Each structure stands twice: as C-alpha cells, then as structure tokens.
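Okay, final36.cif is below, mmCIF, C-alpha atoms:
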data_input
#
loop_
_atom_site.label_atom_id
_atom_site.label_comp_id
_atom_site.auth_asym_id
_atom_site.auth_seq_id
_atom_site.Cartn_x
_atom_site.Cartn_y
_atom_site.Cartn_z
CA MET A 1 -8.36 10.13 -10.43
CA LEU A 2 -11.89 8.77 -9.97
CA ALA A 3 -12.87 9.84 -13.50
CA ILE A 4 -9.84 8.07 -14.97
CA PHE A 5 -10.63 4.98 -12.89
CA ARG A 6 -14.22 4.89 -14.19
CA LYS A 7 -13.05 5.42 -17.77
CA GLU A 8 -10.57 2.56 -17.57
CA ILE A 9 -13.04 0.14 -15.98
CA SER A 10 -15.63 1.04 -18.60
CA GLN A 11 -13.13 0.42 -21.41
CA PHE A 12 -12.09 -2.92 -19.95
CA PHE A 13 -15.61 -4.31 -19.71
CA SER A 14 -16.94 -2.75 -22.92
CA SER A 15 -14.35 -4.68 -24.93
CA PRO A 16 -13.67 -8.42 -25.10
CA ILE A 17 -10.20 -7.97 -23.53
CA ALA A 18 -11.31 -8.39 -19.92
CA TYR A 19 -13.49 -11.41 -20.67
CA ILE A 20 -10.82 -13.13 -22.77
CA ILE A 21 -8.21 -12.62 -20.04
CA MET A 22 -10.56 -13.89 -17.34
CA GLY A 23 -11.57 -16.88 -19.47
CA VAL A 24 -7.99 -17.84 -20.33
CA PHE A 25 -6.79 -17.51 -16.73
CA LEU A 26 -9.67 -19.45 -15.14
CA THR A 27 -9.56 -22.16 -17.82
CA ALA A 28 -5.81 -22.60 -17.42
CA MET A 29 -6.07 -22.74 -13.62
CA GLY A 30 -9.02 -25.11 -13.76
CA LEU A 31 -7.13 -27.54 -16.00
CA LEU A 32 -3.95 -27.33 -13.95
CA LEU A 33 -5.62 -27.75 -10.56
CA TRP A 34 -8.40 -30.22 -11.28
CA VAL A 35 -7.62 -32.09 -14.52
CA PHE A 36 -3.88 -32.52 -15.12
CA PRO A 37 -2.71 -35.26 -12.72
CA ASP A 38 0.77 -33.81 -12.11
CA THR A 39 -0.65 -30.62 -10.59
CA SER A 40 -4.15 -31.69 -9.53
CA LEU A 41 -5.24 -30.70 -6.03
CA LEU A 42 -7.10 -34.01 -5.81
CA GLU A 43 -3.86 -35.97 -6.12
CA ASN A 44 -2.31 -34.50 -2.95
CA GLY A 45 -4.20 -36.70 -0.53
CA TYR A 46 -4.70 -33.72 1.78
CA ALA A 47 -6.44 -30.33 1.60
CA ASP A 48 -3.77 -27.88 0.53
CA MET A 49 -3.73 -25.01 -1.97
CA GLY A 50 0.05 -24.79 -2.21
CA ILE A 51 0.03 -25.80 -5.89
CA PHE A 52 -2.41 -23.00 -6.73
CA PHE A 53 -0.35 -20.35 -4.96
CA ASN A 54 2.86 -21.65 -6.54
CA LEU A 55 1.48 -21.60 -10.09
CA THR A 56 -0.61 -18.42 -10.06
CA PRO A 57 2.30 -15.89 -9.90
CA TYR A 58 3.73 -17.37 -13.11
CA LEU A 59 0.39 -16.91 -14.88
CA LEU A 60 0.16 -13.37 -13.51
CA LEU A 61 3.59 -12.65 -15.01
CA PHE A 62 1.89 -12.80 -18.42
CA LEU A 63 -1.68 -11.89 -17.48
CA VAL A 64 -0.92 -8.52 -15.88
CA PRO A 65 1.29 -7.12 -18.68
CA ALA A 66 -1.46 -8.16 -21.12
CA ILE A 67 -3.87 -5.97 -19.14
CA THR A 68 -1.57 -2.97 -18.70
CA MET A 69 0.26 -2.92 -22.05
CA ARG A 70 -2.32 -0.63 -23.63
CA SER A 71 -2.94 1.63 -20.63
CA ILE A 72 -0.51 4.41 -21.57
CA ALA A 73 0.83 3.15 -24.91
CA ASP A 74 -2.63 3.52 -26.46
CA GLU A 75 -3.02 7.04 -25.05
CA VAL A 76 0.31 8.02 -26.62
CA ARG A 77 -0.53 6.36 -29.96
CA LEU A 78 -3.94 8.01 -30.21
CA GLY A 79 -2.69 11.37 -28.93
CA THR A 80 -5.24 11.41 -26.09
CA LEU A 81 -2.64 11.65 -23.32
CA GLU A 82 -2.00 15.33 -24.06
CA TRP A 83 -5.76 15.88 -24.10
CA LEU A 84 -6.09 14.24 -20.70
CA LEU A 85 -3.41 16.51 -19.27
CA THR A 86 -5.40 19.59 -20.33
CA LYS A 87 -8.18 18.44 -18.02
CA PRO A 88 -8.23 19.23 -14.28
CA VAL A 89 -6.33 16.05 -13.40
CA SER A 90 -2.67 15.67 -12.47
CA ARG A 91 -0.21 13.15 -13.92
CA TRP A 92 -0.37 11.33 -10.60
CA GLY A 93 -4.17 11.24 -10.88
CA ILE A 94 -3.96 9.72 -14.36
CA ILE A 95 -1.45 7.07 -13.30
CA GLY A 96 -3.28 6.37 -10.04
CA GLY A 97 -6.63 5.93 -11.79
CA LYS A 98 -5.16 3.58 -14.38
CA PHE A 99 -3.33 1.60 -11.70
CA LEU A 100 -6.41 1.12 -9.52
CA ALA A 101 -8.53 0.07 -12.50
CA SER A 102 -5.98 -2.52 -13.69
CA TRP A 103 -5.41 -3.80 -10.15
CA LEU A 104 -9.16 -4.15 -9.57
CA LEU A 105 -9.49 -6.15 -12.79
CA VAL A 106 -6.80 -8.58 -11.62
CA ILE A 107 -8.54 -8.93 -8.24
CA ILE A 108 -11.85 -9.63 -10.02
CA VAL A 109 -10.08 -12.33 -12.05
CA LEU A 110 -8.77 -13.89 -8.83
CA LEU A 111 -12.09 -13.80 -6.95
CA PRO A 112 -13.65 -16.88 -8.62
CA THR A 113 -10.64 -18.94 -7.46
CA LEU A 114 -12.03 -18.75 -3.92
CA ILE A 115 -14.24 -21.65 -4.96
CA TYR A 116 -11.10 -23.81 -4.86
CA TYR A 117 -10.69 -22.97 -1.18
CA PHE A 118 -14.33 -23.71 -0.35
CA SER A 119 -14.17 -26.97 -2.33
CA LEU A 120 -11.12 -28.17 -0.42
CA TYR A 121 -12.68 -26.96 2.83
CA LYS A 122 -15.65 -29.26 2.22
CA LEU A 123 -13.56 -32.15 0.86
CA GLY A 124 -11.24 -32.18 3.87
CA ALA A 125 -11.52 -34.99 6.41
CA PRO A 126 -12.82 -33.77 8.75
CA VAL A 127 -14.59 -30.87 7.04
CA GLY A 128 -12.55 -27.69 7.40
CA ASN A 129 -9.22 -29.50 7.68
CA ILE A 130 -7.28 -26.86 5.75
CA ASP A 131 -4.82 -24.15 6.77
CA SER A 132 -7.21 -21.20 6.40
CA ALA A 133 -4.69 -18.72 7.84
CA GLY A 134 -2.11 -19.77 5.27
CA VAL A 135 -4.67 -19.46 2.47
CA PHE A 136 -5.72 -16.00 3.65
CA GLY A 137 -2.10 -14.83 3.89
CA SER A 138 -1.32 -16.22 0.45
CA TYR A 139 -4.28 -14.38 -1.07
CA ILE A 140 -3.08 -11.14 0.53
CA GLY A 141 0.38 -11.80 -0.89
CA LEU A 142 -1.07 -12.63 -4.30
CA ILE A 143 -3.07 -9.39 -4.42
CA LEU A 144 -0.05 -7.31 -3.39
CA LEU A 145 2.17 -9.17 -5.86
CA ALA A 146 -0.37 -8.45 -8.60
CA GLY A 147 -0.21 -4.78 -7.58
CA VAL A 148 3.57 -4.80 -8.09
CA PHE A 149 3.15 -6.42 -11.51
CA VAL A 150 0.54 -3.78 -12.42
CA GLY A 151 2.94 -1.00 -11.39
CA ILE A 152 5.68 -2.56 -13.52
CA GLY A 153 3.27 -2.98 -16.43
CA LEU A 154 2.22 0.68 -16.35
CA TRP A 155 5.85 1.78 -16.24
CA ALA A 156 6.62 -0.45 -19.25
CA SER A 157 3.59 0.94 -21.09
CA SER A 158 4.86 4.51 -20.64
CA PHE A 159 7.98 4.03 -22.77
CA ASN A 160 6.39 4.30 -26.22
CA ASP A 161 3.21 3.65 -28.18
CA ASN A 162 4.03 0.01 -28.96
CA GLN A 163 1.92 -2.41 -26.95
CA VAL A 164 4.09 -5.40 -27.83
CA VAL A 165 7.19 -3.67 -26.46
CA ALA A 166 5.25 -2.77 -23.31
CA PHE A 167 4.12 -6.40 -22.87
CA VAL A 168 7.59 -7.89 -23.37
CA LEU A 169 9.26 -5.32 -21.10
CA GLY A 170 6.60 -5.81 -18.41
CA VAL A 171 7.02 -9.60 -18.47
CA PHE A 172 10.82 -9.33 -18.41
CA VAL A 173 11.06 -6.94 -15.45
CA SER A 174 8.38 -8.82 -13.49
CA PHE A 175 10.17 -12.12 -14.10
CA LEU A 176 13.49 -10.57 -13.14
CA LEU A 177 12.17 -9.34 -9.79
CA TYR A 178 10.15 -12.47 -9.03
CA VAL A 179 12.55 -15.21 -10.17
CA GLY A 180 15.78 -13.53 -11.24
CA LEU A 181 16.80 -12.14 -7.86
CA SER A 182 16.28 -15.51 -6.17
CA SER A 183 18.41 -17.20 -8.80
CA LEU A 184 21.05 -14.50 -8.40
CA ALA A 185 21.05 -15.03 -4.64
CA GLY A 186 21.89 -18.69 -5.24
CA LEU A 187 25.22 -17.82 -6.85
CA SER A 188 28.11 -18.64 -4.54
CA VAL A 189 30.12 -15.71 -5.91
CA LEU A 190 27.94 -13.28 -3.93
CA GLY A 191 28.96 -14.78 -0.62
CA GLY A 192 27.33 -13.02 2.32
CA LEU A 193 25.35 -10.74 0.00
CA SER A 194 23.17 -13.66 -1.11
CA TYR A 195 20.96 -13.38 1.97
CA TYR A 196 20.21 -9.70 1.36
CA VAL A 197 19.59 -10.21 -2.36
CA SER A 198 17.13 -13.00 -1.56
CA LEU A 199 15.22 -10.67 0.76
CA LEU A 200 14.65 -8.31 -2.19
CA ALA A 201 13.19 -11.09 -4.34
CA LEU A 202 9.43 -10.90 -4.78
CA ASP A 203 8.96 -14.65 -4.42
CA GLU A 204 10.59 -14.58 -0.98
CA GLN A 205 8.24 -11.81 0.18
CA TYR A 206 5.27 -13.65 -1.31
CA ARG A 207 6.14 -16.98 0.34
CA SER A 208 6.59 -15.25 3.70
CA LEU A 209 3.00 -14.00 3.60
CA GLY A 210 1.81 -17.51 2.68
CA ARG A 211 3.01 -18.88 6.01
CA GLY A 212 -0.14 -17.52 7.64
CA VAL A 213 1.44 -14.62 9.52
CA ILE A 214 1.01 -11.17 7.96
CA ASP A 215 4.38 -9.56 8.58
CA SER A 216 4.20 -5.78 8.18
CA ARG A 217 7.73 -5.78 6.71
CA ASN A 218 6.59 -7.88 3.74
CA VAL A 219 3.50 -5.73 3.21
CA ILE A 220 5.48 -2.47 3.43
CA TYR A 221 8.10 -3.76 0.98
CA LEU A 222 5.52 -4.77 -1.63
CA ILE A 223 3.58 -1.51 -1.26
CA SER A 224 6.85 0.43 -1.53
CA LEU A 225 7.62 -1.32 -4.81
CA ILE A 226 4.19 -0.38 -6.12
CA VAL A 227 4.71 3.28 -5.21
CA PHE A 228 8.24 3.20 -6.66
CA PHE A 229 7.08 2.05 -10.09
CA LEU A 230 4.16 4.49 -10.08
CA LEU A 231 6.62 7.31 -9.37
CA LEU A 232 8.86 6.06 -12.19
CA THR A 233 5.85 6.11 -14.52
CA THR A 234 4.88 9.64 -13.47
CA ASN A 235 8.44 10.87 -14.01
CA ARG A 236 8.49 9.13 -17.40
CA LEU A 237 5.42 11.10 -18.44
CA LYS A 238 7.06 14.33 -17.30
CA SER A 239 10.10 13.65 -19.46
CA THR A 240 8.13 12.76 -22.58
CA LEU A 241 5.49 15.51 -22.53
#
Could you write out this file's structure as structure tokens?
Amino acid sequence: MLAIFRKEISQFFSSPIAYIIMGVFLTAMGLLLWVFPDTSLLENGYADMGIFFNLTPYLLLFLVPAITMRSIADEVRLGTLEWLLTKPVSRWGIIGGKFLASWLLVIIVLLPTLIYYFSLYKLGAPVGNIDSAGVFGSYIGLILLAGVFVGIGLWASSFNDNQVVAFVLGVFVSFLLYVGLSSLAGLSVLGGLSYYVSLLALDEQYRSLGRGVIDSRNVIYLISLIVFFLLLTTNRLKSTL
C-alpha cells in the first residue's frame, strides 16, 4: 500500500493536474469569500466562516472526481492494473494506497484555507471573537466528507477506462448522497420515513459536525461510507480481472 501511495503522490505532483486543481479551487474560494459581495465574509458584519463551509462541499463535488477520475481508469486503459496485481500487493492495498493519496491531496488543497480562519480571528472585535470550536468541527466534517467523495470517485473510476464517465458518475453519486437524500426527505409522501432518510444525507452529517460538538455517530457514519465504497471498488476489480 505504501508503494502505491508514493507512486500516486509522485504522479500528482509531477504533472500539472495537482497545481491546476489547487489553483482553480483557491482562486474560486478567494473570489467567493473576499471579492463577490453576495458571499463575501467581510459583508457579514461578524466573524463567521459559515459561508465558506456552506460553499466548499459544492466545489468538492467537482474537485474530488476530477482528482480520482484517472486513478483506476488510467490503469485499465494503459493495461498497468494487471501488472500491478502481479506484484506483492493485494487489491485492497492498491485501492487503499490510491485512496490515501487522493485524500491527502484534497487535504493539502484545503490547508491554505486556514488563513481565512486566522484572518477572521484577527479581524474580530475583540480579537478572537469567532466560534473556534465550530470552525474546528466543520474542518473535521469537511475532511471526512472529502474522504467519502474520494471513495465514491475511486468506485466510479473502476467501471471502465473512460475518465469522463468516471468524472460524471462520481459527481452524480456524490451529489445524490449530499443533496439528493435531503431533497427526498422533504417529500411529504414519505411521511415518517423522512426523518430517517434525512439522517442518511451527507449534508446533515456534515452540518452536525459544524455545530462544534464532535459526535462519534457522525464520524462513524462517514467513515463507514468511506469503507463501503472502498469495498465496492475492491469487489469491482475482482469481477473485472
């Protein structure tokens, strides 16, 4: 697994893909949070990063599949997946290494956004007048949510050698779990089931962590989803090879 992890990280940073993704994400967030008046943090009148944590998951819906779409699809297209399996590494080791590398890249992309927190911390009146516990919880939720999106992206990438299909499928399933279930829960036809459907929605789990209290139930659910999609990906490889 460690060898696969190193290989993936090396490939990310030896090509312009990682830098383009980081540049696009940070530029988009910078414009949304500091320039555009409708979403600017400076227009709130108080130190709060709610806008950032509300917008970022929607950017990650597209950012993460763009990172993962080539992970397995490229291996299948180039015929290197069979070669990897002849090495002393299991299917789980291959998937685990690719997952950790992609997840780390997303975390690296998110790290520079901490400057937003420190800026608001200093701009608050008095200094430090910001809900640090809520910010910390939201970052934990964001990292776990990104992990779920990475798991979904790897699963989507395992279907065939077409990166575009992997990207579209990854975006669709991520959007369905993050937004679709909440919308479904709002339908009156579900009756008493609406509450339970809403609990399965990723945005509900994410918002719960952003309240500043790290509930183990939210963490376990998000980690379980990550493991679930990694298992689906591993089983997909077994059925295709």
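Nearest residue to Phe99 in chain A, choosing from A:Leu176, A:Leu55, A:Leu32, A:Ile4 and counting all atoms listed in the file: A:Ile4.
Residue nearest Glu8 in chain A, chosen from A:Trp83, A:Trp103, A:Trp92, A:Phe36 and counting only C-alpha atoms: A:Trp103.
For the structure shown here, the set of residues caught by the PyMOL selection byres ((chain A and resi 132-148) around 6) is Trp103, Ile130, Asp131, Phe149, Val150, Gly151, Tyr206, Leu209, Gly210, Arg211, Gly212 and Ile226 of chain A.
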Residue among A:Phe228, A:Asp74, A:Val106, A:Leu120 lying closest to Ile9 in chain A, counting all atoms listed in the file: A:Val106
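For the pair CA of Ile67 in chain A and CA of Tyr178 in chain A, the interatomic distance is 18.5 Å.
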Give the answer as one residue: which of A:Val179, A:Leu111, A:Ile94, A:Ala201 has the shortest atom-to-atom distance to Ala3 in chain A, using all atoms listed in the file? A:Ile94
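Nearest residue to Asp203 in chain A, choosing from A:Phe12, A:Leu169, A:Thr80, A:Pro57 and counting only C-alpha atoms: A:Pro57.
We find CA of Val213 in chain A and CA of Leu230 in chain A to be spaced 27.5 Å apart.
Note that the spacing between CA of Ser158 in chain A and CA of Ser174 in chain A amounts to 15.5 Å.
Counting only C-alpha atoms, the residue from A:Val165, A:Ile95, A:Ile108, A:Leu123 that sits nearest to Phe13 in chain A is A:Ile108.
Neighbours of Val197 in chain A closer than or equal to 8 Å, with all atoms listed in the file counted and sequence neighbours fewer than 3 positions away skipped, come out as Leu181, Ser182, Leu184, Ala185, Leu193, Ser194, Leu200 and Ala201 of chain A.
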Please write the residues from the selection above to a file, keeping C-alpha atoms, as a PDB file, in the coordinates of the input.
ATOM      1  CA  LEU A 181      16.800 -12.140  -7.860  1.00  0.00           C
ATOM      2  CA  SER A 182      16.280 -15.510  -6.170  1.00  0.00           C
ATOM      3  CA  LEU A 184      21.050 -14.500  -8.400  1.00  0.00           C
ATOM      4  CA  ALA A 185      21.050 -15.030  -4.640  1.00  0.00           C
ATOM      5  CA  LEU A 193      25.350 -10.740   0.000  1.00  0.00           C
ATOM      6  CA  SER A 194      23.170 -13.660  -1.110  1.00  0.00           C
ATOM      7  CA  LEU A 200      14.650  -8.310  -2.190  1.00  0.00           C
ATOM      8  CA  ALA A 201      13.190 -11.090  -4.340  1.00  0.00           C
TER       9      ALA A 201
END
Expansion of the PyMOL selection byres ((chain A and resi 112) around 12) into residues, as a ChimeraX atom specification: /A:22-23,25-27,29-30,106-111,113-119
Residues near range 70-72 of chain A, cut-off 8 Å, all atoms listed in the file, skip fewer than 5 positions along chain, as a VMD selection string: chain A and resid 81 98 154 157 to 158 161 163 166
Could you pull range 24-38 of chain A out of the structure just shown and give all heavy atoms as a short mmCIF file (atom, residue, chain, number, x, y, z; two decimals), in the first residue's frame?
data_model
loop_
_atom_site.label_atom_id
_atom_site.label_comp_id
_atom_site.auth_asym_id
_atom_site.auth_seq_id
_atom_site.Cartn_x
_atom_site.Cartn_y
_atom_site.Cartn_z
N VAL A 24 -7.32 26.44 -9.20
CA VAL A 24 -8.73 26.71 -9.51
C VAL A 24 -9.55 26.80 -8.23
O VAL A 24 -10.35 27.71 -8.04
CB VAL A 24 -9.30 25.62 -10.44
CG1 VAL A 24 -10.82 25.73 -10.54
CG2 VAL A 24 -8.67 25.73 -11.83
N PHE A 25 -9.33 25.84 -7.31
CA PHE A 25 -10.10 25.82 -6.07
C PHE A 25 -9.83 27.07 -5.24
O PHE A 25 -10.77 27.74 -4.78
CB PHE A 25 -9.76 24.58 -5.27
CG PHE A 25 -10.40 24.53 -3.91
CD1 PHE A 25 -11.73 24.17 -3.77
CD2 PHE A 25 -9.67 24.85 -2.76
CE1 PHE A 25 -12.34 24.14 -2.52
CE2 PHE A 25 -10.27 24.80 -1.51
CZ PHE A 25 -11.60 24.45 -1.39
N LEU A 26 -8.56 27.39 -5.01
CA LEU A 26 -8.22 28.53 -4.15
C LEU A 26 -8.63 29.86 -4.78
O LEU A 26 -9.04 30.79 -4.07
CB LEU A 26 -6.73 28.51 -3.84
CG LEU A 26 -6.26 27.32 -2.99
CD1 LEU A 26 -4.74 27.32 -2.85
CD2 LEU A 26 -6.92 27.35 -1.61
N THR A 27 -8.53 29.95 -6.11
CA THR A 27 -8.96 31.18 -6.78
C THR A 27 -10.47 31.35 -6.66
O THR A 27 -10.97 32.45 -6.35
CB THR A 27 -8.57 31.14 -8.27
OG1 THR A 27 -7.14 31.02 -8.38
CG2 THR A 27 -9.03 32.40 -8.98
N ALA A 28 -11.20 30.26 -6.90
CA ALA A 28 -12.66 30.33 -6.80
C ALA A 28 -13.10 30.69 -5.38
O ALA A 28 -13.96 31.57 -5.18
CB ALA A 28 -13.27 28.99 -7.22
N MET A 29 -12.49 30.06 -4.37
CA MET A 29 -12.85 30.35 -2.99
C MET A 29 -12.47 31.77 -2.61
O MET A 29 -13.21 32.47 -1.90
CB MET A 29 -12.18 29.36 -2.04
CG MET A 29 -12.72 27.94 -2.09
SD MET A 29 -14.51 27.81 -1.92
CE MET A 29 -14.78 28.64 -0.36
N GLY A 30 -11.32 32.21 -3.07
CA GLY A 30 -10.87 33.57 -2.77
C GLY A 30 -11.84 34.61 -3.32
O GLY A 30 -12.18 35.59 -2.64
N LEU A 31 -12.29 34.41 -4.56
CA LEU A 31 -13.22 35.35 -5.18
C LEU A 31 -14.57 35.33 -4.46
O LEU A 31 -15.17 36.38 -4.20
CB LEU A 31 -13.42 34.99 -6.66
CG LEU A 31 -12.22 35.27 -7.58
CD1 LEU A 31 -12.48 34.69 -8.96
CD2 LEU A 31 -11.93 36.75 -7.67
N LEU A 32 -15.04 34.12 -4.14
CA LEU A 32 -16.35 34.00 -3.50
C LEU A 32 -16.36 34.59 -2.09
O LEU A 32 -17.34 35.23 -1.69
CB LEU A 32 -16.76 32.52 -3.43
CG LEU A 32 -17.19 31.86 -4.75
CD1 LEU A 32 -17.30 30.36 -4.59
CD2 LEU A 32 -18.53 32.44 -5.22
N LEU A 33 -15.26 34.40 -1.36
CA LEU A 33 -15.27 34.78 0.06
C LEU A 33 -14.75 36.18 0.34
O LEU A 33 -15.02 36.73 1.41
CB LEU A 33 -14.44 33.76 0.86
CG LEU A 33 -14.96 32.32 0.83
CD1 LEU A 33 -14.05 31.42 1.62
CD2 LEU A 33 -16.37 32.25 1.39
N TRP A 34 -14.00 36.76 -0.60
CA TRP A 34 -13.42 38.06 -0.31
C TRP A 34 -13.74 39.14 -1.33
O TRP A 34 -13.53 40.32 -1.06
CB TRP A 34 -11.89 37.93 -0.20
CG TRP A 34 -11.47 36.99 0.87
CD1 TRP A 34 -11.02 35.70 0.70
CD2 TRP A 34 -11.47 37.20 2.29
NE1 TRP A 34 -10.74 35.12 1.91
CE2 TRP A 34 -11.00 36.01 2.92
CE3 TRP A 34 -11.81 38.29 3.10
CZ2 TRP A 34 -10.88 35.87 4.29
CZ3 TRP A 34 -11.69 38.16 4.47
CH2 TRP A 34 -11.22 36.96 5.05
N VAL A 35 -14.23 38.74 -2.53
CA VAL A 35 -14.45 39.73 -3.59
C VAL A 35 -15.93 39.90 -3.91
O VAL A 35 -16.44 41.02 -3.87
CB VAL A 35 -13.68 39.31 -4.87
CG1 VAL A 35 -13.96 40.32 -6.00
CG2 VAL A 35 -12.18 39.23 -4.59
N PHE A 36 -16.62 38.82 -4.23
CA PHE A 36 -18.03 38.91 -4.60
C PHE A 36 -18.87 39.34 -3.39
O PHE A 36 -18.88 38.65 -2.36
CB PHE A 36 -18.54 37.58 -5.14
CG PHE A 36 -17.84 37.13 -6.39
CD1 PHE A 36 -17.84 35.79 -6.76
CD2 PHE A 36 -17.18 38.03 -7.21
CE1 PHE A 36 -17.20 35.37 -7.91
CE2 PHE A 36 -16.53 37.63 -8.37
CZ PHE A 36 -16.53 36.28 -8.72
N PRO A 37 -19.58 40.45 -3.49
CA PRO A 37 -20.29 40.99 -2.31
C PRO A 37 -21.37 40.08 -1.75
O PRO A 37 -21.63 40.09 -0.55
CB PRO A 37 -20.89 42.30 -2.83
CG PRO A 37 -20.92 42.15 -4.33
CD PRO A 37 -19.75 41.30 -4.68
N ASP A 38 -22.02 39.29 -2.59
CA ASP A 38 -23.12 38.44 -2.12
C ASP A 38 -22.65 37.34 -1.18
O ASP A 38 -23.44 36.84 -0.36
CB ASP A 38 -23.86 37.81 -3.30
CG ASP A 38 -24.66 38.84 -4.08
OD1 ASP A 38 -24.93 39.90 -3.53
OD2 ASP A 38 -25.00 38.56 -5.25
#
